[in-house]
Amino acid sequence: MMGLMASDETRTETRAQTRAETRAQTDAHVRAESGGDARAEGGVRGVPAGTATTRAWTTRLLILGIVLAALNLRPAITSLGALLEEVRDGLGMSGSVAGLLTSVPPLCFAVFGVTAPRLARRFGPGAVVCAGMVAITAGLVIRPYAGGTGGFLAATALALMGIAVSNVLMPVIVKRYFPDRVGSMTGLYSMALAFGTSVAAAATVPVTDALGGHWQPGLAVWAVLPALAVLPWIPFVRNRREPAPAAAPSAAAGGQDGGRPAQQPPLRITRSRTAWALAVFFGLQATAAYITMGWMAQIFRDSGVSAGTAGLLLAVIMVMGVPLAFVIPRVASRLPHQGPIVLVLGLCGLAGYAGLYFAPVGGAWAWALLLGVSNCAFPLALTMVGMRARTGAGVAQLSAFAQSTGYLISIPGPLLVGVLYQHSGGWGLPIALMSALMVPQIVVGVLAGRDRTVEDEAAR
């Protein structure tokens, strides 16, 4: 018992030392990103490099950029979900092709997300996120007017490419610049992400009606948000010679845990059971999320709910993530094991699907609330990405691996829902599939929530 207590005390002291070292290095990274050689802040002139004013300005600008980027990580998807029936009619899509369309987001996230760490090392994470916002803007402007299903899919893929790289780099940026506030900063951008998701779901139909009832301008209007999000990232584009591998020094410092030498890159992430558990958990929660964003409004509409009310129900599911996406990461970061949170979210999902099957109209608002709570597995997964790696470099690799592998896992889900719906003529089988997938999500989520790091597992 005394040995265990001593081991716990040693681990606590080591983590405190690692946090202090990482915080000091982060201050240096922020000063470098601010322009320690008088290239400073992308246009803020006359401010001596390295002053408290300069660092504070850079930090505020970075937080603004994170929030605005997060607002744009889902409207391209939920706005389409709200108008999916109109888009299908306008482009002549079958149910199977529409299911393929709802599978495009995870496919693009898997394919393009894996390139994000390499791009960040080459150009810097700020430049990559800025380019991502530009890609989202271009894709959303082109998509409604591309003409035909092929052009629609290609423009959608362009927007999703920008979302994919930003998805992967958000945890990396948080870990790099806010190592002692991973929970609160993850909660902040998760809350912004959920807010953007819910606003797009709720407002798309009314905005479309206000613009004349045509689905094309109703989708194109969402290009305004990513265009605004480009602006705060522009100052960080200039500093291309300061690699994201600013995480490299922190890896060297953080890797000396318990007296062991620093990990040598690249980290063999596939040797970590926690990394695999987190990837599968990410994939299953993404499956549920993209089925919800792509099909839930249609499920309510086919049950007899009006198009506007169905959009509001989808918005309720998404808006639950606004407060919970801020609370859950903060709570999770204070717990040694995140398994209990995984279990609560999974049980809410099972209850919501059961209600959707037996009384889709009578209890629609209650089921929307329960499914909204269940969908908060996403900010929990992002928080665990930041907690399951000890260094900035480890977070970058774990984020890319978990998200890319997870999104690959999630690809068949929305497509299979479309196929089951078309061939069964109802929503019974698709809802049964969603319920069945919730069970392994709980199991792997509990495994991913254990208190350990991928660096230690990979070394062993």
# chains A, B, ... in the order shown; residues from 1 in each chain; ligands from 1
$ residues_around --residues "Asn167 in chain A" --least-positions-apart "3" --cutoff "10 Å" --atoms "only C-alpha atoms" --output "list in words"
Ala69, Ala70, Leu73, Phe109, Gly113, Ala116, Val129, Gly132, Met161, Gly162, Ile163, Ala164, Met170, Pro171, Val172, Leu382, Ser399, Ala400 and Gln403 of chain A
$ closest_residue --among "A:Cys130, A:Leu64, A:Met185, A:Ala448" --to "Phe326 in chain A" --atoms "only C-alpha atoms"
A:Met185
$ closest_residue --among "A:Leu408, A:Val165, A:Leu83, A:Ala458" --to "Gly126 in chain A" --atoms "only C-alpha atoms"
A:Val165
$ atom_distance --atom1 "CA of Leu153 in chain A" --atom2 "CA of Val97 in chain A"
10.6 Å
$ residues_around --residues "Ala351 in chain A" --least-positions-apart "4" --cutoff "12 Å" --atoms "only C-alpha atoms" --output "list in words"
Val344, Leu345, Gly346, Leu347, Gly355, Leu356, Tyr357, Phe358, Ala359, Gly363, Ala366, Trp367, Ala368, Leu369, Leu370, Leu371, Gly372, Val373, Ser374, Ile431, Met434, Ser435 and Met438 of chain A
$ closest_residue --among "A:Thr59, A:Ser190, A:Thr156, A:Thr78" --to "Phe178 in chain A" --atoms "only C-alpha atoms"
A:Thr59
